[in-house]
Amino acid sequence: MDAVGPCFRHGRITQEFLDKHTEPWLRSEVSKKAAAARWAKKPRGSDLPLCVLCDSEARVADGGKLVICRQCGQYRLVEGLAAELTKESDWPELQSDLARAVRWRFYQGEPVTLSNVTSARWLVEKLKEFEEDPEERERQAVDALVSTGPVENPWDRPIANLGGALGLPSDESRAFAEKLQAGNIVRIVDCKPSWTALDTQPLSPRLKEWVRGE
Ligand SMILES: [Zn+2]
């Protein structure tokens, strides 16, 4: 496998590279080695300069138990679990699943505490159930948008509510809403001001709201 050479020389193996150049069986072997190599390079002790789940730079607090990662959001990790997780035979796959699961919960407003391997795997199962049901995800997204009601800016609070429902950061929530809008599953309409609103707040801005498409 000549193709593996350059990447090893640069000391870095990207997922893109693996997808392009290696057979599935080799890919899992190579990524296991890469994960082990990355882990071996990490300084040990109470400080975790890299997020164990996604290898991004992370800040830690609370004696190293709280990890604040740009990619994963925030999560708690009991002492010793990081080392235990990396010893799992399917760690490269588990690692990326866990990173997604932790991020999902963080953006749902429920940051997780990883306390043992079993609960970490349970969390991954929950995420997979969620990911395997796109219709349910869409239903929750539509509900979140529609139930927000009249607002000045339909791309503000309704999008935050969608993000909370689906566990997505704001840019991805917005993209999700745009896709629903493009498919005419939802649309933004001007609210008709009621007489009461006109009487009491003549200068209030025209409100908009998300409604289901026709
Ligand atoms: Zn991370």
# chains A, B, ... in the order shown; residues from 1 in each chain; ligands from 1
>>> residues_around(residues="range 49-58 of chain A", least_positions_apart="5", cutoff="9 Å", atoms="only C-alpha atoms", output="JSON, numbers by chain")
{"A": [38, 39, 42, 43, 67, 68, 69, 70, 71, 72, 82, 86, 94, 95, 96, 97, 98, 99, 100, 102]}
>>> atom_distance(atom1="CA of Tyr75 in chain A", atom2="CA of Ala61 in chain A")
10.5 Å
>>> atom_distance(atom1="CA of Pro92 in chain A", atom2="CA of Phe176 in chain A")
28.2 Å
>>> atom_distance(atom1="CA of Gly163 in chain A", atom2="CA of Arg137 in chain A")
11.1 Å
>>> residues_around(residues="Glu209 in chain A", least_positions_apart="6", cutoff="10 Å", atoms="only C-alpha atoms", output="MDAnalysis selection string")
chainID A and resid 145:155 158 187:191
>>> write_last_selection(atoms="N, CA and C atoms", output="compact mmCIF listing (two decimals), in the first residue's frame")
# COMPACT_ATOMS: atom_id res chain seq x y z
N LEU A 145 -40.28 24.67 15.42
CA LEU A 145 -40.43 25.94 14.70
C LEU A 145 -41.84 26.51 14.89
N VAL A 146 -42.83 25.66 14.66
CA VAL A 146 -44.23 26.10 14.67
C VAL A 146 -44.67 26.51 16.08
N SER A 147 -44.21 25.74 17.08
CA SER A 147 -44.68 26.01 18.44
C SER A 147 -44.05 27.26 19.05
N THR A 148 -43.02 27.80 18.40
CA THR A 148 -42.42 29.03 18.94
C THR A 148 -43.40 30.20 18.88
N GLY A 149 -44.23 30.22 17.85
CA GLY A 149 -45.23 31.29 17.75
C GLY A 149 -44.65 32.56 17.16
N PRO A 150 -45.40 33.67 17.24
CA PRO A 150 -45.00 34.92 16.59
C PRO A 150 -43.72 35.51 17.20
N VAL A 151 -42.80 35.91 16.33
CA VAL A 151 -41.54 36.51 16.78
C VAL A 151 -41.14 37.62 15.79
N GLU A 152 -40.27 38.50 16.24
CA GLU A 152 -39.79 39.55 15.33
C GLU A 152 -38.89 38.94 14.27
N ASN A 153 -37.98 38.04 14.71
CA ASN A 153 -37.04 37.44 13.78
C ASN A 153 -37.23 35.92 13.75
N PRO A 154 -37.78 35.41 12.66
CA PRO A 154 -38.05 33.96 12.61
C PRO A 154 -36.78 33.11 12.55
N TRP A 155 -35.62 33.74 12.36
CA TRP A 155 -34.36 32.99 12.30
C TRP A 155 -33.61 33.05 13.62
N PRO A 158 -36.91 30.69 17.01
CA PRO A 158 -37.38 29.38 16.47
C PRO A 158 -36.22 28.46 16.11
N ARG A 187 -43.22 27.16 6.36
CA ARG A 187 -42.94 28.46 5.73
C ARG A 187 -43.13 29.55 6.77
N ILE A 188 -42.61 30.73 6.43
CA ILE A 188 -42.71 31.87 7.35
C ILE A 188 -43.83 32.77 6.85
N VAL A 189 -44.73 33.13 7.73
CA VAL A 189 -45.82 34.03 7.33
C VAL A 189 -45.85 35.26 8.25
N ASP A 190 -46.44 36.33 7.71
CA ASP A 190 -46.67 37.52 8.54
C ASP A 190 -47.86 37.24 9.44
N CYS A 191 -47.74 37.64 10.69
CA CYS A 191 -48.88 37.45 11.59
C CYS A 191 -49.87 38.57 11.34
>>> residues_around(residues="Glu138 in chain A", least_positions_apart="3", cutoff="10 Å", atoms="only C-alpha atoms", output="list in words")
Asp133, Pro134, Glu135, Ala141, Val142, Asp143, Ala144, Leu162, Leu166, Phe176, Ala177, Leu180 and Ile185 of chain A
>>> write_last_selection(atoms="C-alpha atoms", output="PDB file, in the first residue's frame")
ATOM      1  CA  ASP A 133     -35.515   7.918  12.357  1.00  0.00           C
ATOM      2  CA  PRO A 134     -35.352  10.917  10.010  1.00  0.00           C
ATOM      3  CA  GLU A 135     -39.140  11.281   9.967  1.00  0.00           C
ATOM      4  CA  ALA A 141     -37.978  20.122  13.989  1.00  0.00           C
ATOM      5  CA  VAL A 142     -41.304  21.267  12.537  1.00  0.00           C
ATOM      6  CA  ASP A 143     -42.918  21.206  15.989  1.00  0.00           C
ATOM      7  CA  ALA A 144     -40.085  23.290  17.410  1.00  0.00           C
ATOM      8  CA  LEU A 162     -35.066  23.599  16.676  1.00  0.00           C
ATOM      9  CA  LEU A 166     -32.459  18.074  17.537  1.00  0.00           C
ATOM     10  CA  PHE A 176     -32.105  22.262   8.734  1.00  0.00           C
ATOM     11  CA  ALA A 177     -34.855  24.906   8.823  1.00  0.00           C
ATOM     12  CA  LEU A 180     -37.614  22.268   5.490  1.00  0.00           C
ATOM     13  CA  ILE A 185     -42.743  21.584   4.771  1.00  0.00           C
TER      14      ILE A 185
END
>>> closest_residue(among="A:Arg105, A:Lys65, A:Arg59, A:Lys87", to="Pro169 in chain A", atoms="only C-alpha atoms")
A:Arg105
